[in-house]
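S.K.: Here you go, coords.cif (mmCIF, C-alpha atoms):
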data_coords
loop_
_atom_site.label_atom_id
_atom_site.label_comp_id
_atom_site.auth_asym_id
_atom_site.auth_seq_id
_atom_site.Cartn_x
_atom_site.Cartn_y
_atom_site.Cartn_z
CA MET A 1 0.00 0.00 0.00
CA SER A 2 1.64 3.17 -1.14
CA SER A 3 1.81 6.23 1.03
CA TYR A 4 -0.37 8.07 -1.45
CA ASP A 5 -3.11 5.51 -0.81
CA GLU A 6 -2.61 5.96 2.91
CA VAL A 7 -3.16 9.67 2.61
CA LEU A 8 -6.34 9.21 0.62
CA LYS A 9 -7.61 6.74 3.18
CA ALA A 10 -6.98 9.26 5.93
CA VAL A 11 -8.70 12.07 4.03
CA PHE A 12 -11.77 10.34 2.61
CA PRO A 13 -13.62 10.10 5.95
CA PHE A 14 -13.68 13.89 5.99
CA LEU A 15 -15.72 14.10 2.81
CA ASP A 16 -19.47 14.08 2.50
CA GLY A 17 -21.29 11.63 0.31
CA ALA A 18 -21.45 13.74 -2.82
CA ASP A 19 -17.73 14.49 -2.71
CA LEU A 20 -16.80 10.90 -1.99
CA ALA A 21 -18.91 9.81 -4.93
CA SER A 22 -17.08 12.36 -7.08
CA CYS A 23 -13.79 10.90 -5.92
CA MET A 24 -14.89 7.57 -7.31
CA ALA A 25 -15.05 9.19 -10.71
CA VAL A 26 -11.57 10.68 -10.66
CA CYS A 27 -9.44 7.73 -11.69
CA LYS A 28 -9.13 4.01 -11.14
CA GLN A 29 -6.84 4.36 -8.14
CA TRP A 30 -9.17 6.75 -6.35
CA ARG A 31 -12.12 4.60 -7.23
CA GLU A 32 -10.50 1.52 -5.74
CA ILE A 33 -10.05 3.33 -2.46
CA ALA A 34 -13.25 5.35 -2.34
CA LYS A 35 -15.50 2.40 -2.96
CA ASP A 36 -14.39 0.75 0.27
CA ASP A 37 -17.62 0.26 2.17
CA TYR A 38 -15.92 1.41 5.37
CA PHE A 39 -16.14 5.06 4.29
CA TRP A 40 -19.76 4.68 3.34
CA LYS A 41 -20.44 3.01 6.66
CA CYS A 42 -19.05 6.11 8.37
CA LEU A 43 -21.27 8.32 6.24
CA CYS A 44 -24.31 6.22 7.07
CA ALA A 45 -23.39 6.37 10.73
CA ARG A 46 -23.24 10.16 10.57
CA ARG A 47 -26.52 10.43 8.75
CA TRP A 48 -28.43 7.77 10.71
CA PRO A 49 -26.50 7.18 13.95
CA SER A 50 -28.93 4.52 15.17
CA ILE A 51 -27.77 2.28 12.33
CA CYS A 52 -24.64 1.54 14.35
CA LYS A 53 -26.74 -0.41 16.81
CA ARG A 54 -27.38 -3.08 14.16
CA PRO A 55 -24.05 -3.28 12.40
CA ASN A 56 -24.38 -6.29 10.12
CA SER A 57 -28.04 -6.53 9.41
CA PHE A 58 -28.37 -4.99 5.97
CA ARG A 59 -28.78 -6.85 2.74
CA VAL A 60 -27.09 -4.13 0.71
CA THR A 61 -23.71 -2.46 1.11
CA TYR A 62 -23.53 0.75 3.08
CA TYR A 63 -22.69 2.42 -0.22
CA LYS A 64 -26.01 1.30 -1.69
CA LEU A 65 -27.84 2.18 1.51
CA TYR A 66 -26.50 5.70 1.55
CA GLN A 67 -27.18 6.24 -2.14
CA THR A 68 -30.74 4.97 -1.90
CA PHE A 69 -31.96 6.80 1.15
CA ARG A 70 -29.91 9.94 1.05
CA LYS A 71 -32.48 11.86 -0.93
CA ARG A 72 -36.23 11.70 -1.11
CA GLN A 73 -37.16 9.16 -3.73
CA GLN A 74 -38.29 10.88 -6.86
CA ARG A 75 -41.67 9.73 -8.02
CA GLN A 76 -40.89 6.41 -9.65
CA ALA A 77 -42.15 5.82 -13.14
CA LEU A 78 -44.99 3.33 -13.17
CA LEU A 79 -44.11 -0.15 -14.29
CA PRO A 80 -45.90 -1.13 -17.47
CA PRO A 81 -49.41 -2.22 -16.47
CA ARG A 82 -50.21 -5.92 -16.52
CA LEU A 83 -53.58 -5.28 -18.09
CA CYS A 84 -54.43 -3.76 -21.39
CA PHE A 85 -57.77 -2.68 -22.75
CA GLU A 86 -57.89 -5.65 -25.13
CA ASP A 87 -58.16 -7.87 -22.05
CA LEU A 88 -61.20 -6.07 -20.67
CA GLU A 89 -64.93 -6.02 -21.19
CA PHE A 90 -67.27 -3.64 -19.41
CA PHE A 91 -70.89 -4.47 -18.56
CA ILE A 92 -72.76 -1.17 -18.29
CA ASP A 93 -76.40 -1.00 -17.24
CA ILE A 94 -78.40 2.15 -16.65
CA TRP A 95 -82.00 2.10 -15.34
CA THR A 96 -84.70 4.52 -14.54
CA GLU A 97 -87.24 3.33 -11.96
CA ASP A 98 -89.20 1.33 -14.48
CA LYS A 99 -87.06 0.97 -17.56
CA LEU A 100 -83.65 -0.20 -18.67
CA MET A 101 -82.28 2.70 -20.65
CA PHE A 102 -78.86 1.38 -21.58
CA SER A 103 -77.49 -2.13 -21.36
CA GLU A 104 -74.35 -3.05 -23.26
CA VAL A 105 -71.21 -5.09 -23.13
CA VAL A 106 -68.52 -2.63 -24.10
CA PRO A 107 -65.17 -4.01 -25.23
CA GLY A 108 -62.18 -2.30 -23.66
CA PRO A 109 -60.75 -0.95 -26.91
CA LEU A 110 -63.98 0.90 -27.59
CA LEU A 111 -63.77 2.74 -24.28
CA GLU A 112 -60.11 3.31 -24.90
CA ALA A 113 -60.79 4.87 -28.27
CA GLY A 114 -63.30 7.25 -26.79
CA ILE A 115 -65.54 9.77 -28.46
CA LYS A 116 -63.66 11.15 -31.43
CA ASN A 117 -66.13 13.80 -32.49
CA PRO A 118 -68.79 15.06 -30.16
CA PRO A 119 -72.03 15.64 -32.07
CA SER A 120 -72.78 19.16 -33.23
CA GLY A 121 -75.21 19.92 -30.45
CA ALA A 122 -72.58 19.41 -27.78
CA SER A 123 -71.44 22.45 -25.88
CA GLU A 124 -68.00 24.02 -25.87
CA GLY A 125 -67.65 23.01 -22.25
CA ILE A 126 -67.94 19.34 -23.12
CA ARG A 127 -65.41 19.62 -25.90
CA LEU A 128 -62.94 21.26 -23.56
CA HIS A 129 -63.61 18.62 -20.96
CA LEU A 130 -63.04 15.80 -23.43
CA GLU A 131 -59.84 17.36 -24.67
CA CYS A 132 -58.27 17.95 -21.29
CA PRO A 133 -55.40 15.62 -20.44
CA GLN A 134 -56.93 13.87 -17.43
CA TYR A 135 -57.46 10.39 -18.77
CA LYS A 136 -61.02 9.35 -19.27
CA MET A 137 -62.78 6.51 -21.02
CA THR A 138 -65.70 7.59 -23.13
CA LEU A 139 -68.25 5.86 -25.23
CA PRO A 140 -70.65 7.31 -27.79
CA VAL A 141 -74.27 6.42 -27.22
CA ASP A 142 -75.98 5.91 -30.50
CA PRO A 143 -78.92 6.21 -30.75
CA ARG A 144 -79.11 8.85 -28.05
CA PHE A 145 -81.58 8.46 -25.22
CA THR A 146 -83.47 11.03 -23.20
CA VAL A 147 -83.96 11.07 -19.47
CA ALA A 148 -85.27 13.50 -16.93
CA PHE A 149 -83.41 14.56 -13.79
CA SER A 150 -86.43 13.64 -11.76
CA GLN A 151 -86.28 10.00 -12.75
CA ASN A 152 -84.11 8.07 -10.31
CA LEU A 153 -81.38 6.95 -12.64
CA THR A 154 -79.12 4.22 -11.38
CA VAL A 155 -76.12 2.58 -12.93
CA SER A 156 -74.02 -0.52 -12.50
CA VAL A 157 -70.70 -1.25 -14.11
CA LEU A 158 -68.96 -4.59 -13.95
CA VAL A 159 -65.74 -5.45 -15.71
CA ARG A 160 -64.41 -8.79 -16.84
CA ARG A 161 -60.81 -9.62 -17.60
CA LYS A 162 -60.13 -12.19 -20.30
CA ASP A 163 -56.81 -13.39 -18.95
CA SER A 164 -58.35 -14.99 -15.88
CA ASN A 165 -62.08 -14.76 -16.59
CA ARG A 166 -62.57 -12.94 -13.35
CA VAL A 167 -65.01 -10.15 -12.74
CA ALA A 168 -64.78 -7.02 -10.63
CA CYS A 169 -67.29 -4.37 -9.74
CA ILE A 170 -66.64 -0.75 -10.64
CA ILE A 171 -70.02 0.78 -9.88
CA ASN A 172 -72.60 -0.99 -7.74
CA ASN A 173 -76.03 0.44 -8.35
CA SER A 174 -75.28 4.10 -7.78
CA LEU A 175 -77.72 6.91 -8.21
CA PHE A 176 -76.96 9.67 -10.62
CA GLY A 177 -77.13 12.78 -8.53
CA TYR A 178 -74.56 15.40 -9.52
CA THR A 179 -74.66 17.72 -12.43
CA ASP A 180 -71.71 19.59 -13.82
CA ARG A 181 -73.29 22.32 -15.89
CA THR A 182 -70.01 23.56 -17.30
CA SER A 183 -69.24 20.32 -19.02
CA ASN A 184 -72.82 19.06 -19.27
CA ARG A 185 -72.31 15.90 -17.32
CA PHE A 186 -74.73 14.08 -15.07
CA MET A 187 -72.66 12.04 -12.70
CA ALA A 188 -72.64 9.10 -10.31
CA TYR A 189 -69.78 7.65 -8.34
CA GLU A 190 -68.81 4.59 -6.36
CA TYR A 191 -66.02 3.87 -3.91
CA LEU A 192 -63.87 1.15 -5.42
CA ASP A 193 -63.34 -2.22 -3.77
CA PHE A 194 -59.72 -3.25 -3.94
CA SER A 195 -58.17 -6.66 -3.59
CA PRO A 196 -56.95 -7.51 -0.07
CA LEU A 197 -53.43 -7.38 -1.54
CA TYR A 198 -53.74 -3.59 -1.38
CA PRO A 199 -54.97 -2.79 2.11
CA PHE A 200 -54.53 0.95 2.36
CA THR A 201 -56.22 2.05 -0.80
CA SER A 202 -59.61 3.43 0.10
CA ASN A 203 -61.61 6.50 -0.76
CA THR A 204 -60.84 6.16 -4.41
CA ARG A 205 -63.91 6.63 -6.50
CA ALA A 206 -64.98 5.59 -9.93
CA TRP A 207 -67.04 8.25 -11.68
CA ILE A 208 -69.51 7.63 -14.42
CA SER A 209 -71.05 10.52 -16.32
CA LEU A 210 -73.79 10.88 -18.85
CA LEU A 211 -72.72 13.42 -21.45
CA PHE A 212 -75.67 15.36 -22.76
CA MET A 213 -76.48 17.85 -25.48
CA ASP A 214 -76.58 21.54 -24.86
CA LYS A 215 -80.26 22.22 -24.91
CA ASP A 216 -83.36 21.71 -22.85
CA GLN A 217 -81.43 21.83 -19.60
CA ASN A 218 -83.98 24.04 -17.99
CA GLU A 219 -86.75 21.61 -18.64
CA GLY A 220 -85.01 19.02 -16.54
CA VAL A 221 -84.59 16.63 -19.42
CA ILE A 222 -81.31 15.63 -20.96
CA ASP A 223 -80.39 14.18 -24.30
CA VAL A 224 -77.55 11.77 -23.66
CA PHE A 225 -75.00 11.26 -26.41
CA GLY A 226 -72.15 9.68 -24.51
CA ILE A 227 -71.00 7.92 -21.37
CA GLU A 228 -67.76 8.64 -19.56
CA VAL A 229 -65.99 6.52 -16.96
CA ASP A 230 -63.07 8.07 -15.14
CA PHE A 231 -61.05 7.74 -11.95
CA CYS A 232 -60.04 11.34 -11.57
CA ASP A 233 -59.49 10.94 -7.81
CA ALA A 234 -56.44 8.80 -8.30
CA ALA A 235 -55.62 7.82 -11.86
CA ASN A 236 -55.06 10.40 -14.54
CA SER A 237 -53.19 8.56 -17.24
CA LYS A 238 -53.91 5.43 -19.18
CA GLU A 239 -51.23 3.43 -17.34
CA GLU A 240 -52.52 4.60 -13.97
CA VAL A 241 -56.07 3.61 -14.88
CA LEU A 242 -54.94 0.16 -16.01
CA TRP A 243 -53.01 -0.30 -12.76
CA LEU A 244 -56.03 0.82 -10.77
CA LEU A 245 -58.24 -1.69 -12.55
CA ASP A 246 -55.64 -4.39 -11.94
CA MET A 247 -55.88 -3.70 -8.21
CA LEU A 248 -59.62 -4.28 -7.99
CA ASP A 249 -61.03 -7.22 -6.11
CA TRP A 250 -61.32 -9.66 -9.00
CA LYS A 251 -63.43 -12.71 -8.35
CA MET B 252 3.29 18.18 38.05
CA ALA B 253 5.02 18.30 34.68
CA SER B 254 8.60 17.22 34.87
CA SER B 255 10.76 19.08 32.41
CA ARG B 256 12.20 15.84 31.16
CA LYS B 257 13.66 16.21 27.72
CA ILE B 258 13.07 13.57 25.11
CA THR B 259 15.24 13.15 22.04
CA LEU B 260 13.58 12.32 18.75
CA ARG B 261 15.64 11.18 15.79
CA SER B 262 14.33 11.69 12.27
CA SER B 263 14.81 9.24 9.39
CA ASP B 264 17.72 11.29 8.05
CA GLY B 265 19.57 11.17 11.34
CA GLU B 266 18.80 14.57 12.80
CA SER B 267 18.09 14.78 16.52
CA PHE B 268 15.47 16.99 18.09
CA GLU B 269 15.27 17.62 21.82
CA VAL B 270 11.80 18.38 23.12
CA GLU B 271 10.04 18.59 26.44
CA GLU B 272 8.22 15.44 27.43
CA ALA B 273 4.90 17.31 27.51
CA VAL B 274 5.34 18.21 23.84
CA ALA B 275 6.54 14.74 22.84
CA VAL B 276 3.54 13.01 24.34
CA GLU B 277 1.18 14.95 22.12
CA SER B 278 1.98 11.96 19.97
CA GLN B 279 0.20 8.89 21.33
CA THR B 280 2.79 6.71 19.61
CA ILE B 281 5.67 8.37 21.44
CA LYS B 282 3.64 8.38 24.64
CA HIS B 283 3.28 4.61 24.49
CA MET B 284 6.95 4.21 23.74
CA ILE B 285 7.84 6.25 26.82
CA GLU B 286 5.42 4.28 28.96
CA ASP B 287 6.93 1.07 27.65
CA ASP B 288 10.28 2.37 28.67
CA CYS B 289 11.80 2.55 25.23
CA ALA B 290 12.78 6.17 25.53
CA ASP B 291 16.02 6.14 27.43
CA ASN B 292 18.00 6.92 24.36
CA ALA B 293 16.73 8.81 21.39
CA ILE B 294 13.44 7.64 19.95
CA PRO B 295 13.96 6.72 16.31
CA LEU B 296 11.25 7.81 13.89
CA PRO B 297 12.16 6.10 10.63
CA ASN B 298 9.05 7.29 8.84
CA VAL B 299 9.53 10.98 9.45
CA THR B 300 12.09 13.25 7.83
CA SER B 301 13.69 16.12 9.70
CA LYS B 302 11.81 18.68 7.65
CA ILE B 303 8.49 17.20 8.64
CA LEU B 304 9.49 16.42 12.19
CA ALA B 305 10.42 20.06 12.67
CA LYS B 306 6.95 21.14 11.59
CA VAL B 307 5.27 18.51 13.76
CA ILE B 308 7.25 19.65 16.77
CA GLU B 309 6.34 23.25 16.02
CA TYR B 310 2.67 22.28 15.98
CA CYS B 311 2.81 20.25 19.17
CA LYS B 312 4.72 22.95 21.00
CA LYS B 313 2.17 25.57 20.12
CA HIS B 314 -0.71 23.38 21.24
CA VAL B 315 0.97 22.45 24.52
CA ASP B 316 1.80 26.09 25.23
CA ALA B 317 -1.74 27.12 24.40
CA SER B 318 -3.16 24.92 27.11
CA LYS B 319 -0.79 26.06 29.81
CA ALA B 320 -2.38 28.38 32.29
CA GLU B 321 0.19 31.17 32.05
CA ASP B 322 0.12 31.49 28.28
CA ARG B 323 -3.58 30.93 27.93
CA VAL B 324 -4.41 31.43 24.29
CA ASN B 325 -8.07 31.39 23.46
CA ASP B 326 -9.64 29.05 20.93
CA GLU B 327 -10.06 31.64 18.20
CA ASP B 328 -6.41 32.57 18.24
CA LEU B 329 -5.33 28.93 18.20
CA LYS B 330 -7.58 28.25 15.24
CA ALA B 331 -6.09 31.20 13.43
CA TRP B 332 -2.62 29.92 14.17
CA ASP B 333 -3.57 26.48 12.85
CA ALA B 334 -4.93 28.03 9.68
CA ALA B 335 -1.73 29.96 9.14
CA PHE B 336 0.34 26.86 9.91
CA ILE B 337 -1.37 24.83 7.24
CA LYS B 338 -1.89 27.55 4.68
CA VAL B 339 -1.26 26.08 1.31
CA ASP B 340 1.25 28.53 0.04
CA GLN B 341 3.31 27.95 3.14
CA VAL B 342 2.99 24.24 2.83
CA ASP B 343 3.24 22.63 -0.59
CA GLN B 344 1.18 19.58 -1.40
CA ALA B 345 3.97 17.09 -0.83
CA THR B 346 4.58 18.52 2.62
CA LEU B 347 0.88 18.37 3.37
CA PHE B 348 0.86 14.70 2.43
CA ASP B 349 3.92 14.01 4.53
CA LEU B 350 2.32 15.79 7.46
CA ILE B 351 -0.74 13.56 7.14
CA LEU B 352 1.42 10.46 7.07
CA ALA B 353 3.48 11.69 10.02
CA ALA B 354 0.40 12.65 12.07
CA ASN B 355 -1.03 9.23 11.30
CA TYR B 356 2.14 7.38 12.25
CA LEU B 357 2.74 9.48 15.34
CA ASN B 358 -0.96 9.36 16.22
CA ILE B 359 -1.53 13.06 16.80
CA LYS B 360 -5.27 13.35 16.35
CA SER B 361 -5.60 17.11 16.21
CA LEU B 362 -2.86 17.45 13.59
CA LEU B 363 -4.34 14.61 11.57
CA ASP B 364 -7.77 16.24 11.69
CA LEU B 365 -6.31 19.58 10.66
CA THR B 366 -4.33 18.24 7.72
CA CYS B 367 -7.00 15.84 6.48
CA GLN B 368 -9.68 18.50 6.69
CA THR B 369 -7.48 20.79 4.63
CA VAL B 370 -7.08 18.20 1.91
CA ALA B 371 -10.80 17.38 2.09
CA ASP B 372 -11.58 21.07 1.59
CA MET B 373 -9.29 21.12 -1.41
CA ILE B 374 -11.07 18.14 -2.90
CA LYS B 375 -14.43 19.78 -2.26
CA GLY B 376 -13.21 22.97 -3.84
CA ASN B 377 -11.79 21.08 -6.82
CA LEU B 378 -8.34 22.40 -6.09
CA PHE B 379 -6.72 19.05 -5.69
CA PRO B 380 -4.28 17.96 -8.40
CA VAL B 381 -4.32 14.28 -9.19
CA ARG B 382 -1.56 12.48 -10.94
CA ASN B 383 -2.80 9.72 -13.10
CA GLU B 384 0.02 7.22 -13.10
CA TRP B 385 -0.85 5.48 -16.27
CA LEU B 386 -1.26 8.56 -18.39
CA ASN B 387 1.45 10.46 -16.58
CA PHE B 388 0.12 13.93 -16.28
CA THR B 389 -1.51 15.99 -13.63
CA PHE B 390 -4.97 17.38 -13.79
CA SER B 391 -7.43 18.86 -11.38
CA ILE B 392 -10.56 16.98 -10.50
CA ALA B 393 -12.42 20.06 -11.65
CA ASN B 394 -11.78 18.92 -15.18
CA ARG B 395 -14.31 16.16 -15.12
CA GLU B 396 -14.71 16.14 -18.89
CA LEU B 397 -11.00 15.59 -19.14
CA VAL B 398 -11.29 12.73 -16.69
CA LEU B 399 -13.93 11.13 -18.83
CA VAL B 400 -11.85 11.48 -21.98
CA CYS B 401 -8.78 10.09 -20.30
CA LEU B 402 -10.61 7.18 -18.78
CA THR B 403 -12.10 6.32 -22.14
CA GLU B 404 -8.69 6.37 -23.75
CA TRP B 405 -7.31 4.32 -20.90
CA VAL B 406 -9.99 1.72 -21.40
CA ALA B 407 -9.52 1.69 -25.16
CA HIS B 408 -5.76 1.41 -24.87
CA ARG B 409 -6.11 -1.32 -22.34
CA ARG B 410 -8.33 -3.32 -24.64
CA LEU B 411 -5.76 -3.00 -27.36
CA PHE B 412 -2.80 -4.07 -25.32
CA CYS B 413 -4.16 -6.25 -22.62
CA SER B 414 -6.41 -8.64 -24.44
#
For this file, write the structure as structure tokens.
M.R.:
Amino acid sequence: MSSYDEVLKAVFPFLDGADLASCMAVCKQWREIAKDDYFWKCLCARRWPSICKRPNSFRVTYYKLYQTFRKRQQRQALLPPRLCFEDLEFFIDIWTEDKLMFSEVVPGPLLEAGIKNPPSGASEGIRLHLECPQYKMTLPVDPRFTVAFSQNLTVSVLVRRKDSNRVACIINNSLFGYTDRTSNRFMAYEYLDFSPLYPFTSNTRAWISLLFMDKDQNEGVIDVFGIEVDFCDAANSKEEVLWLLDMLDWK
Amino acid sequence: MASSRKITLRSSDGESFEVEEAVAVESQTIKHMIEDDCADNAIPLPNVTSKILAKVIEYCKKHVDASKAEDRVNDEDLKAWDAAFIKVDQVDQATLFDLILAANYLNIKSLLDLTCQTVADMIKGNLFPVRNEWLNFTFSIANRELVLVCLTEWVAHRRLFCS
């Protein structure tokens, strides 16, 4: 061991993590010395003194430990979702008190494709809403149907995944009760049921909206041209929505 | 009750230095040697040249004097003295290195801390010249792009000659 090495070994404990890491990039000789876990152990001990009470109980080197926990984790990119829309089928049923207004099996890709061109009677507000980046799944309703606010409209949405043939519930007989007059949506929601694998996810809602034409609002009757399903509480991109669906309690 | 016993220290190049025991035992290494009764004759220090030993003794003397009641020097002044002692244009890099090695060998914690902290500050401030033995030139770690280029060449050259 040369005396130069000895000097470096005496000096390195005086450096903080960023500088020691820089030293590893200087040249091979410095790297050989600076990567010694002893120095990183000292840095960890300075940063988290209680670590010294459990000296050999870490799976990773002190170098890795320091690097990982030194800074707040940046928001990790989502892993690619395990589901895709091709795997999914949605069972959407909408009733008034005495009549089934809408009852369809909607393949995932159709909801994924969305409403390309809102019909000409749709308001500006709806167009803006459909164009905004928060991810939403929409479906054109053709032929359109008409309902009145006074009718107790309820909706159920189930979803089936083709990979395992399991079914999960998105909306369980919820009443439409909220109107967003800016974007002409008549809305219902449901708190999602997640698989027991994900115990702390609660208070995340699925929203379903009836998109209606921009007329006759004052008469309490709406002309529905589209249906929207979104999870704006928690999932605002396609990948996030697919992950959210994957986490449901599939039976 | 400090006895004014004098201790003789002999540097690697044969020079003898006579110092008070109180100054000599600033070095834990020398202290142990004295306790183990090896200090009747001169204490040989084969790892320390006379040039460096002189500086070490200067440092130890100042610190011993500073703690004596009569010459009480306050902390600020001592720190200022230390800073002047180690100031880089007074002490070239080779001397700084030798001081670190000597403080390490002689086990003088305060001197070791002072010298190592100085070098650490130089590294932090990118003022530390590094000699890359393979490529045989000196560059500052501030030139990180240069480091990258050199390392790439080193790797490429190595592949060529060491496969």
S.K.: Applied to this file, what does the PyMOL selection byres ((chain A and resi 202) around 12) return in terms of residues, put as an MDAnalysis selection string?
M.R.: chainID A and resid 190:196 198:201 203:206 233:234 244 247:248
S.K.: What would the selection look like, as a list in words, if the PyMOL selection byres ((chain A and resi 184) around 8) were run on the coordinates I just shared?
M.R.: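 Expected selection for the PyMOL selection byres ((chain A and resi 184) around 8) here is Ser123, Gly125, Ile126, Thr179, Asp180, Arg181, Thr182, Ser183, Arg185, Phe186, Leu211, Phe212, Met213 and Asp214 of chain A.
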S.K.: Translate the PyMOL selection byres ((chain B) within 7 of (chain A)) into a concrete residue list for this structure, as number ranges by chain.
M.R.: B: 348, 351-352, 367-368, 370-371, 375, 392, 398
S.K.: Give me the residues within 10 Å of Thr138 of chain A as a compact mmCIF listing (two decimals) with C-alpha atoms, in the frame of the given file, counting only C-alpha atoms and dropping any in the same chain fewer than 2 places off.
M.R.:
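See selection.txt below for the written result:
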# COMPACT_ATOMS: atom_id res chain seq x y z
CA LEU A 110 -63.98 0.90 -27.59
CA LEU A 111 -63.77 2.74 -24.28
CA GLU A 112 -60.11 3.31 -24.90
CA ALA A 113 -60.79 4.87 -28.27
CA GLY A 114 -63.30 7.25 -26.79
CA ILE A 115 -65.54 9.77 -28.46
CA LYS A 116 -63.66 11.15 -31.43
CA LEU A 130 -63.04 15.80 -23.43
CA TYR A 135 -57.46 10.39 -18.77
CA LYS A 136 -61.02 9.35 -19.27
CA PRO A 140 -70.65 7.31 -27.79
CA VAL A 141 -74.27 6.42 -27.22
CA ILE A 208 -69.51 7.63 -14.42
CA SER A 209 -71.05 10.52 -16.32
CA LEU A 210 -73.79 10.88 -18.85
CA LEU A 211 -72.72 13.42 -21.45
CA GLY A 226 -72.15 9.68 -24.51
CA ILE A 227 -71.00 7.92 -21.37
CA GLU A 228 -67.76 8.64 -19.56
CA VAL A 229 -65.99 6.52 -16.96
CA ASP A 230 -63.07 8.07 -15.14
S.K.: Arg256 of chain B: which residues within 12 Å, counting all atoms listed in the file, same-chain residues fewer than 4 positions away excluded, as a PDB file with C-alpha atoms, in the frame of the given file?
M.R.:
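For reference, around-v5.pdb as written:
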ATOM      1  CA  MET B 252       3.290  18.180  38.050  1.00  0.00           C
ATOM      2  CA  GLU B 269      15.270  17.620  21.820  1.00  0.00           C
ATOM      3  CA  VAL B 270      11.800  18.380  23.120  1.00  0.00           C
ATOM      4  CA  GLU B 271      10.040  18.590  26.440  1.00  0.00           C
ATOM      5  CA  GLU B 272       8.220  15.440  27.430  1.00  0.00           C
ATOM      6  CA  ALA B 273       4.900  17.310  27.510  1.00  0.00           C
ATOM      7  CA  VAL B 274       5.340  18.210  23.840  1.00  0.00           C
ATOM      8  CA  ALA B 275       6.540  14.740  22.840  1.00  0.00           C
ATOM      9  CA  VAL B 276       3.540  13.010  24.340  1.00  0.00           C
ATOM     10  CA  ILE B 285       7.840   6.250  26.820  1.00  0.00           C
ATOM     11  CA  ALA B 290      12.780   6.170  25.530  1.00  0.00           C
ATOM     12  CA  ASP B 291      16.020   6.140  27.430  1.00  0.00           C
TER      13      ASP B 291
END
S.K.: What is the distance between atom CA of Leu350 of chain B and atom CA of Ser301 of chain B, in Å to one decimal?
M.R.: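 Between atom CA of Leu350 of chain B and atom CA of Ser301 of chain B the gap is 11.6 Å.
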S.K.: Which residues are close to Ala45 of chain A, i.e. within 10 Å by only C-alpha atoms, leaving aside same-chain residues fewer than 5 positions away? Reply as a PyMOL selection string.
M.R.: chain A and resi 39-40+50-53+55+62+66
S.K.: For the atom pair atom CA of Ile281 of chain B and atom CA of Asn358 of chain B, what is the interatomic distance in Å to one decimal place?
M.R.: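 That distance, rounded to one decimal, is 8.5 Å.
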S.K.: Distance cut-off 10 Å, centre (-82.1, 15.6, -20.8) in file coordinates, counting all atoms listed in the file: which residues qualify? Return them as a count of residues only.
M.R.: 21
S.K.: Which residues, written as a list in words, have at least one atom at most 10 Å from Lys360 of chain B, with all atoms listed in the file counted and residues fewer than 6 positions away on the same chain left out?
M.R.: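 Answer for this query is Glu277, Ser278, Gln279, Ala354 and Thr366 of chain B.
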S.K.: One decimal, in Å: what's the spacing between atom CA of Leu260 of chain B and atom CA of Pro295 of chain B?
M.R.: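 That distance, rounded to one decimal, is 6.1 Å.
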S.K.: Scan for residues within 12 Å of the point (-6.0, 27.3, 19.9) in the coordinates of the file, using all atoms listed in the file, and reply as a list in words.
M.R.: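 Output of the proximity query reads Tyr310, Cys311, Lys312, Lys313, His314, Val315, Asp316, Ala317, Ser318, Lys319, Asp322, Arg323, Val324, Asn325, Asp326, Glu327, Asp328, Leu329, Lys330, Ala331, Trp332, Asp333, Ala334, Ala335, Phe336 and Ser361 of chain B.
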S.K.: Quick one: residues within 10 Å of Asp264 of chain B, only C-alpha atoms counted, chain neighbours fewer than 6 positions away excluded, as a compact mmCIF listing (two decimals) with C-alpha atoms, in the coordinates of the input?
M.R.:
# COMPACT_ATOMS: atom_id res chain seq x y z
CA LEU B 296 11.25 7.81 13.89
CA PRO B 297 12.16 6.10 10.63
CA ASN B 298 9.05 7.29 8.84
CA VAL B 299 9.53 10.98 9.45
CA THR B 300 12.09 13.25 7.83
CA SER B 301 13.69 16.12 9.70
CA LYS B 302 11.81 18.68 7.65
